[in-house]
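Peer 1: Hey, dropping coords02.txt in here, compact mmCIF, N, CA and C atoms:
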```
# COMPACT_ATOMS: atom_id res chain seq x y z
N TRP A 18 77.88 110.71 107.12
CA TRP A 18 78.17 110.78 105.72
C TRP A 18 77.04 111.48 105.01
N GLU A 19 77.38 112.07 103.85
CA GLU A 19 76.40 112.77 103.02
C GLU A 19 76.56 112.28 101.59
N THR A 20 75.46 112.27 100.84
CA THR A 20 75.53 111.89 99.43
C THR A 20 75.03 113.04 98.57
N GLU A 21 75.53 113.06 97.33
CA GLU A 21 75.13 114.10 96.39
C GLU A 21 75.10 113.50 94.98
N PHE A 22 74.02 113.78 94.27
CA PHE A 22 73.89 113.38 92.87
C PHE A 22 73.93 114.63 92.01
N LYS A 23 74.69 114.57 90.92
CA LYS A 23 74.72 115.67 89.94
C LYS A 23 74.69 115.07 88.55
N PRO A 24 73.71 115.33 87.75
CA PRO A 24 72.43 115.93 88.10
C PRO A 24 71.57 114.93 88.88
N LEU A 25 70.42 115.37 89.35
CA LEU A 25 69.55 114.48 90.12
C LEU A 25 68.98 113.35 89.27
N THR A 26 68.79 113.61 87.98
CA THR A 26 68.26 112.61 87.05
C THR A 26 69.27 112.38 85.94
N VAL A 27 69.61 111.12 85.68
CA VAL A 27 70.54 110.77 84.60
C VAL A 27 69.77 109.97 83.55
N GLN A 28 69.73 110.47 82.35
CA GLN A 28 69.03 109.79 81.27
C GLN A 28 69.89 108.66 80.71
N THR A 29 69.24 107.72 80.05
CA THR A 29 69.95 106.61 79.41
C THR A 29 70.98 107.18 78.43
N GLY A 30 72.22 106.71 78.55
CA GLY A 30 73.30 107.16 77.68
C GLY A 30 74.00 108.43 78.14
N LYS A 31 73.50 109.08 79.18
CA LYS A 31 74.10 110.31 79.71
C LYS A 31 74.84 110.00 81.00
N GLN A 32 75.77 110.90 81.38
CA GLN A 32 76.58 110.68 82.58
C GLN A 32 76.22 111.65 83.70
N GLY A 33 76.55 111.22 84.90
CA GLY A 33 76.38 112.04 86.09
C GLY A 33 77.35 111.56 87.15
N THR A 34 77.30 112.16 88.33
CA THR A 34 78.18 111.73 89.42
C THR A 34 77.37 111.45 90.68
N PHE A 35 77.87 110.50 91.44
CA PHE A 35 77.35 110.15 92.76
C PHE A 35 78.53 110.29 93.71
N THR A 36 78.42 111.22 94.66
CA THR A 36 79.53 111.50 95.58
C THR A 36 79.09 111.22 97.01
N VAL A 37 79.97 110.54 97.74
CA VAL A 37 79.76 110.29 99.17
C VAL A 37 80.85 111.06 99.92
N ARG A 38 80.44 111.90 100.86
CA ARG A 38 81.36 112.67 101.69
C ARG A 38 81.32 112.05 103.09
N VAL A 39 82.45 111.52 103.53
CA VAL A 39 82.55 110.92 104.86
C VAL A 39 83.30 111.90 105.74
N LYS A 40 82.66 112.32 106.84
CA LYS A 40 83.26 113.30 107.74
C LYS A 40 83.63 112.65 109.06
N ASN A 41 84.76 113.08 109.59
CA ASN A 41 85.18 112.68 110.93
C ASN A 41 85.01 113.90 111.81
N ASN A 42 84.00 113.90 112.65
CA ASN A 42 83.73 115.04 113.53
C ASN A 42 84.44 114.92 114.87
N GLY A 43 85.25 113.86 115.03
CA GLY A 43 85.94 113.63 116.30
C GLY A 43 87.32 114.25 116.34
N GLY A 44 87.88 114.28 117.52
CA GLY A 44 89.19 114.89 117.75
C GLY A 44 90.36 113.96 117.48
N GLU A 45 90.09 112.72 117.09
CA GLU A 45 91.16 111.76 116.75
C GLU A 45 90.90 111.20 115.37
N ALA A 46 91.97 110.70 114.74
CA ALA A 46 91.83 110.12 113.41
C ALA A 46 90.90 108.91 113.44
N ALA A 47 90.09 108.78 112.40
CA ALA A 47 89.24 107.60 112.24
C ALA A 47 90.03 106.63 111.36
N ARG A 48 90.36 105.48 111.91
CA ARG A 48 91.19 104.51 111.19
C ARG A 48 90.35 103.41 110.59
N ASP A 49 90.85 102.85 109.50
CA ASP A 49 90.23 101.70 108.86
C ASP A 49 88.80 102.00 108.39
N VAL A 50 88.61 103.21 107.83
CA VAL A 50 87.30 103.61 107.31
C VAL A 50 87.12 102.92 105.96
N ARG A 51 85.99 102.24 105.80
CA ARG A 51 85.70 101.51 104.56
C ARG A 51 84.36 101.97 104.01
N LEU A 52 84.29 102.07 102.69
CA LEU A 52 83.04 102.43 102.03
C LEU A 52 82.75 101.37 100.98
N ARG A 53 81.51 100.90 101.01
CA ARG A 53 81.02 99.89 100.06
C ARG A 53 79.74 100.43 99.46
N VAL A 54 79.66 100.44 98.13
CA VAL A 54 78.48 100.97 97.44
C VAL A 54 77.93 99.89 96.52
N GLU A 55 76.64 99.59 96.68
CA GLU A 55 75.95 98.68 95.76
C GLU A 55 75.36 99.53 94.65
N VAL A 56 75.79 99.25 93.42
CA VAL A 56 75.37 100.04 92.27
C VAL A 56 74.15 99.37 91.62
N PRO A 57 73.07 100.11 91.40
CA PRO A 57 71.88 99.53 90.80
C PRO A 57 72.10 99.17 89.32
N ASP A 58 71.31 98.22 88.83
CA ASP A 58 71.43 97.77 87.44
C ASP A 58 71.15 98.86 86.42
N GLU A 59 70.44 99.90 86.82
CA GLU A 59 70.05 100.96 85.88
C GLU A 59 71.22 101.84 85.44
N VAL A 60 72.36 101.76 86.13
CA VAL A 60 73.52 102.58 85.77
C VAL A 60 74.78 101.72 85.65
N ALA A 61 75.74 102.24 84.90
CA ALA A 61 77.07 101.63 84.79
C ALA A 61 78.07 102.61 85.37
N VAL A 62 79.09 102.08 86.05
CA VAL A 62 80.14 102.93 86.60
C VAL A 62 81.21 103.14 85.54
N VAL A 63 81.48 104.40 85.23
CA VAL A 63 82.46 104.78 84.21
C VAL A 63 83.82 105.05 84.85
N GLN A 64 83.81 105.65 86.06
CA GLN A 64 85.05 106.00 86.75
C GLN A 64 84.82 106.01 88.25
N LYS A 65 85.89 105.71 89.00
CA LYS A 65 85.84 105.69 90.46
C LYS A 65 87.00 106.53 90.99
N THR A 66 86.71 107.42 91.96
CA THR A 66 87.75 108.23 92.58
C THR A 66 87.56 108.20 94.08
N PRO A 67 88.49 107.69 94.86
CA PRO A 67 89.72 107.04 94.41
C PRO A 67 89.41 105.69 93.76
N GLU A 68 90.41 105.09 93.20
CA GLU A 68 90.26 103.79 92.54
C GLU A 68 89.73 102.78 93.55
N ALA A 69 88.95 101.82 93.09
CA ALA A 69 88.32 100.86 94.00
C ALA A 69 88.16 99.51 93.30
N ARG A 70 87.93 98.49 94.13
CA ARG A 70 87.71 97.13 93.62
C ARG A 70 86.23 96.98 93.26
N VAL A 71 85.97 96.26 92.17
CA VAL A 71 84.61 96.04 91.71
C VAL A 71 84.34 94.54 91.63
N GLU A 72 83.25 94.11 92.26
CA GLU A 72 82.79 92.72 92.15
C GLU A 72 81.30 92.76 91.92
N ASN A 73 80.88 92.22 90.78
CA ASN A 73 79.47 92.28 90.37
C ASN A 73 79.05 93.74 90.37
N ASN A 74 78.04 94.11 91.11
CA ASN A 74 77.60 95.51 91.16
C ASN A 74 78.01 96.19 92.46
N VAL A 75 79.09 95.72 93.08
CA VAL A 75 79.53 96.28 94.36
C VAL A 75 80.90 96.94 94.20
N ILE A 76 80.99 98.19 94.64
CA ILE A 76 82.24 98.94 94.63
C ILE A 76 82.76 98.93 96.06
N GLN A 77 84.00 98.46 96.24
CA GLN A 77 84.61 98.42 97.58
C GLN A 77 85.86 99.31 97.56
N PHE A 78 85.80 100.43 98.27
CA PHE A 78 86.95 101.32 98.37
C PHE A 78 87.89 100.79 99.45
N ALA A 79 89.18 100.99 99.26
CA ALA A 79 90.19 100.52 100.22
C ALA A 79 90.04 101.25 101.55
N ALA A 80 90.43 100.57 102.62
CA ALA A 80 90.38 101.17 103.97
C ALA A 80 91.33 102.37 104.02
N GLU A 81 90.87 103.42 104.68
CA GLU A 81 91.67 104.64 104.80
C GLU A 81 91.52 105.21 106.20
N SER A 82 92.39 106.13 106.54
CA SER A 82 92.26 106.91 107.76
C SER A 82 91.79 108.31 107.39
N ILE A 83 90.90 108.84 108.20
CA ILE A 83 90.43 110.22 108.01
C ILE A 83 90.88 111.00 109.24
N PRO A 84 91.66 112.06 109.04
CA PRO A 84 92.19 112.81 110.18
C PRO A 84 91.09 113.44 111.03
N ALA A 85 91.45 113.81 112.24
CA ALA A 85 90.51 114.49 113.14
C ALA A 85 89.89 115.69 112.43
N TYR A 86 88.59 115.80 112.51
CA TYR A 86 87.83 116.89 111.90
C TYR A 86 88.01 116.97 110.38
N GLY A 87 88.47 115.88 109.77
CA GLY A 87 88.69 115.86 108.32
C GLY A 87 87.55 115.19 107.60
N GLU A 88 87.70 115.09 106.29
CA GLU A 88 86.69 114.43 105.47
C GLU A 88 87.35 113.79 104.26
N LYS A 89 86.64 112.87 103.65
CA LYS A 89 87.12 112.17 102.47
C LYS A 89 85.97 112.10 101.48
N LEU A 90 86.27 112.37 100.19
CA LEU A 90 85.27 112.28 99.14
C LEU A 90 85.49 111.02 98.31
N TYR A 91 84.40 110.34 98.01
CA TYR A 91 84.41 109.18 97.13
C TYR A 91 83.41 109.49 96.02
N THR A 92 83.86 109.42 94.76
CA THR A 92 83.00 109.81 93.65
C THR A 92 82.93 108.71 92.60
N LEU A 93 81.70 108.44 92.18
CA LEU A 93 81.47 107.52 91.06
C LEU A 93 80.91 108.33 89.91
N THR A 94 81.53 108.20 88.74
CA THR A 94 80.94 108.75 87.52
C THR A 94 80.11 107.62 86.93
N ILE A 95 78.83 107.90 86.73
CA ILE A 95 77.91 106.86 86.28
C ILE A 95 77.29 107.24 84.94
N GLU A 96 76.80 106.22 84.23
CA GLU A 96 76.09 106.44 82.98
C GLU A 96 74.80 105.65 83.03
N GLY A 97 73.71 106.29 82.61
CA GLY A 97 72.42 105.62 82.60
C GLY A 97 72.41 104.49 81.58
N ARG A 98 72.00 103.28 82.02
CA ARG A 98 71.94 102.12 81.13
C ARG A 98 70.52 101.81 80.68
N LYS A 99 69.57 101.95 81.60
CA LYS A 99 68.18 101.67 81.25
C LYS A 99 67.27 102.52 82.13
N ALA A 100 66.06 102.75 81.64
CA ALA A 100 65.11 103.59 82.36
C ALA A 100 64.66 102.90 83.65
N GLY A 101 64.41 103.68 84.66
CA GLY A 101 63.94 103.16 85.95
C GLY A 101 64.53 103.98 87.08
N GLN A 102 64.06 103.71 88.30
CA GLN A 102 64.62 104.38 89.46
C GLN A 102 65.85 103.60 89.93
N ALA A 103 66.93 104.32 90.13
CA ALA A 103 68.19 103.70 90.57
C ALA A 103 68.40 104.02 92.04
N TRP A 104 68.45 102.98 92.87
CA TRP A 104 68.67 103.15 94.31
C TRP A 104 70.04 102.64 94.68
N PHE A 105 70.89 103.53 95.17
CA PHE A 105 72.23 103.15 95.63
C PHE A 105 72.13 102.74 97.09
N LYS A 106 72.88 101.70 97.46
CA LYS A 106 72.90 101.23 98.85
C LYS A 106 74.31 101.29 99.37
```
Represent the structure of the file as structure tokens.
Peer 2:
Amino acid sequence: WETEFKPLTVQTGKQGTFTVRVKNNGGEAARDVRLRVEVPDEVAVVQKTPEARVENNVIQFAAESIPAYGEKLYTLTIEGRKAGQAWFK
């Protein structure tokens, strides 16, 4: 998997995106792929693509299959809530 932030720095009150690209480099479909993201307190999630379940600061995307040699993008639109370094897990 790969992650990408746009922009790299999000100021308080401004928006940005955090994208996770999950790749299947194998010759068969990857089944029951799950992505869970812990969102730091410094940001708020404004939108999730695809839609996902939220509990506290944890985003849980539904299980999916990724075809052979395919990929899936998961994107969070975030807004800065307070100053500090935000570490996504």
Peer 1: Measuring atom to atom with only C-alpha atoms, identify which of A:Asn74, A:Val50, A:Ala79, A:Asn42 is nearest to Val62 of chain A.
Peer 2: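 Residue with the minimum atom-to-atom distance to Val62 of chain A: A:Asn74.
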Peer 1: Do you know which residues are at most 6.5 Å from Ile83 of chain A counting only N, CA and C atoms, after dropping those on the same chain fewer than 2 positions away, and could you put them as a short mmCIF file (atom, residue, chain, number, x, y, z; two decimals) with N, CA and C atoms, keeping the file's coordinate frame?
Peer 2:
```cif
data_model
loop_
_atom_site.label_atom_id
_atom_site.label_comp_id
_atom_site.auth_asym_id
_atom_site.auth_seq_id
_atom_site.Cartn_x
_atom_site.Cartn_y
_atom_site.Cartn_z
N ASN A 41 84.76 113.08 109.59
CA ASN A 41 85.18 112.68 110.93
C ASN A 41 85.01 113.90 111.81
N GLU A 45 90.09 112.72 117.09
CA GLU A 45 91.16 111.76 116.75
C GLU A 45 90.90 111.20 115.37
N ALA A 46 91.97 110.70 114.74
CA ALA A 46 91.83 110.12 113.41
C ALA A 46 90.90 108.91 113.44
N ALA A 47 90.09 108.78 112.40
CA ALA A 47 89.24 107.60 112.24
C ALA A 47 90.03 106.63 111.36
N ARG A 48 90.36 105.48 111.91
CA ARG A 48 91.19 104.51 111.19
C ARG A 48 90.35 103.41 110.59
N ASP A 49 90.85 102.85 109.50
CA ASP A 49 90.23 101.70 108.86
C ASP A 49 88.80 102.00 108.39
N VAL A 50 88.61 103.21 107.83
CA VAL A 50 87.30 103.61 107.31
C VAL A 50 87.12 102.92 105.96
N GLU A 81 90.87 103.42 104.68
CA GLU A 81 91.67 104.64 104.80
C GLU A 81 91.52 105.21 106.20
N ALA A 85 91.45 113.81 112.24
CA ALA A 85 90.51 114.49 113.14
C ALA A 85 89.89 115.69 112.43
N TYR A 86 88.59 115.80 112.51
CA TYR A 86 87.83 116.89 111.90
C TYR A 86 88.01 116.97 110.38
N GLY A 87 88.47 115.88 109.77
CA GLY A 87 88.69 115.86 108.32
C GLY A 87 87.55 115.19 107.60
N GLU A 88 87.70 115.09 106.29
CA GLU A 88 86.69 114.43 105.47
C GLU A 88 87.35 113.79 104.26
N LYS A 89 86.64 112.87 103.65
CA LYS A 89 87.12 112.17 102.47
C LYS A 89 85.97 112.10 101.48
#
```
Peer 1: Can you measure atom N of Gln64 of chain A to atom CA of Lys40 of chain A for me? One decimal in Å is fine.
Peer 2: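 Value for the atom N of Gln64 of chain A-atom CA of Lys40 of chain A distance: 23.0 Å.
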Peer 1: Report, in Å to a single decimal, how far apart atom CA of Gly44 of chain A and atom CA of Ile76 of chain A are.
Peer 2: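 Taking atom CA of Ile76 of chain A as the start and atom CA of Gly44 of chain A as the end point, the length is 28.9 Å.
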Peer 1: Select segment 76-96 of chain A in the preceding structure and write N, CA, C and O atoms to a file as a tab-separated table (two decimals), in the first residue's frame.
Peer 2:
```tsv
chain	number	residue	atom	x	y	z
A	76	ILE	N	-11.70	4.95	11.31
A	76	ILE	CA	-12.47	4.77	10.08
A	76	ILE	C	-12.27	3.32	9.66
A	76	ILE	O	-11.14	2.87	9.49
A	77	GLN	N	-13.38	2.59	9.48
A	77	GLN	CA	-13.31	1.19	9.05
A	77	GLN	C	-14.03	1.06	7.71
A	77	GLN	O	-15.25	1.22	7.64
A	78	PHE	N	-13.26	0.80	6.65
A	78	PHE	CA	-13.85	0.60	5.33
A	78	PHE	C	-14.34	-0.84	5.22
A	78	PHE	O	-13.74	-1.75	5.78
A	79	ALA	N	-15.41	-1.04	4.48
A	79	ALA	CA	-15.99	-2.38	4.30
A	79	ALA	C	-15.02	-3.29	3.55
A	79	ALA	O	-14.22	-2.82	2.73
A	80	ALA	N	-15.12	-4.58	3.82
A	80	ALA	CA	-14.28	-5.57	3.14
A	80	ALA	C	-14.60	-5.56	1.64
A	80	ALA	O	-15.76	-5.46	1.25
A	81	GLU	N	-13.56	-5.66	0.83
A	81	GLU	CA	-13.73	-5.66	-0.62
A	81	GLU	C	-12.78	-6.67	-1.25
A	81	GLU	O	-11.82	-7.11	-0.62
A	82	SER	N	-13.02	-6.98	-2.50
A	82	SER	CA	-12.10	-7.78	-3.29
A	82	SER	C	-11.38	-6.85	-4.26
A	82	SER	O	-11.97	-5.93	-4.82
A	83	ILE	N	-10.09	-7.10	-4.43
A	83	ILE	CA	-9.30	-6.34	-5.41
A	83	ILE	C	-8.85	-7.34	-6.47
A	83	ILE	O	-8.23	-8.36	-6.15
A	84	PRO	N	-9.20	-7.09	-7.73
A	84	PRO	CA	-8.87	-8.06	-8.78
A	84	PRO	C	-7.36	-8.24	-8.95
A	84	PRO	O	-6.57	-7.40	-8.51
A	85	ALA	N	-6.99	-9.32	-9.61
A	85	ALA	CA	-5.58	-9.59	-9.90
A	85	ALA	C	-4.96	-8.37	-10.58
A	85	ALA	O	-5.56	-7.79	-11.49
A	86	TYR	N	-3.81	-7.97	-10.09
A	86	TYR	CA	-3.06	-6.83	-10.62
A	86	TYR	C	-3.85	-5.52	-10.57
A	86	TYR	O	-3.50	-4.57	-11.24
A	87	GLY	N	-4.89	-5.47	-9.74
A	87	GLY	CA	-5.71	-4.27	-9.62
A	87	GLY	C	-5.32	-3.45	-8.41
A	87	GLY	O	-4.39	-3.77	-7.67
A	88	GLU	N	-6.06	-2.38	-8.21
A	88	GLU	CA	-5.83	-1.51	-7.06
A	88	GLU	C	-7.13	-0.85	-6.63
A	88	GLU	O	-8.09	-0.80	-7.40
A	89	LYS	N	-7.14	-0.37	-5.41
A	89	LYS	CA	-8.30	0.30	-4.85
A	89	LYS	C	-7.82	1.55	-4.13
A	89	LYS	O	-6.81	1.52	-3.42
A	90	LEU	N	-8.53	2.67	-4.33
A	90	LEU	CA	-8.20	3.92	-3.65
A	90	LEU	C	-9.20	4.18	-2.53
A	90	LEU	O	-10.41	4.01	-2.71
A	91	TYR	N	-8.68	4.61	-1.40
A	91	TYR	CA	-9.49	5.02	-0.25
A	91	TYR	C	-9.04	6.44	0.08
A	91	TYR	O	-7.85	6.68	0.29
A	92	THR	N	-9.99	7.38	0.11
A	92	THR	CA	-9.63	8.78	0.30
A	92	THR	C	-10.43	9.39	1.45
A	92	THR	O	-11.64	9.22	1.53
A	93	LEU	N	-9.70	10.10	2.31
A	93	LEU	CA	-10.33	10.88	3.37
A	93	LEU	C	-10.08	12.34	3.07
A	93	LEU	O	-8.94	12.75	2.83
A	94	THR	N	-11.15	13.14	3.07
A	94	THR	CA	-11.00	14.59	3.02
A	94	THR	C	-10.99	15.03	4.47
A	94	THR	O	-11.89	14.70	5.24
A	95	ILE	N	-9.92	15.73	4.83
A	95	ILE	CA	-9.73	16.12	6.23
A	95	ILE	C	-9.67	17.64	6.36
A	95	ILE	O	-9.40	18.34	5.39
A	96	GLU	N	-9.94	18.11	7.58
A	96	GLU	CA	-9.83	19.53	7.88
A	96	GLU	C	-9.02	19.68	9.16
A	96	GLU	O	-9.25	18.96	10.13
```
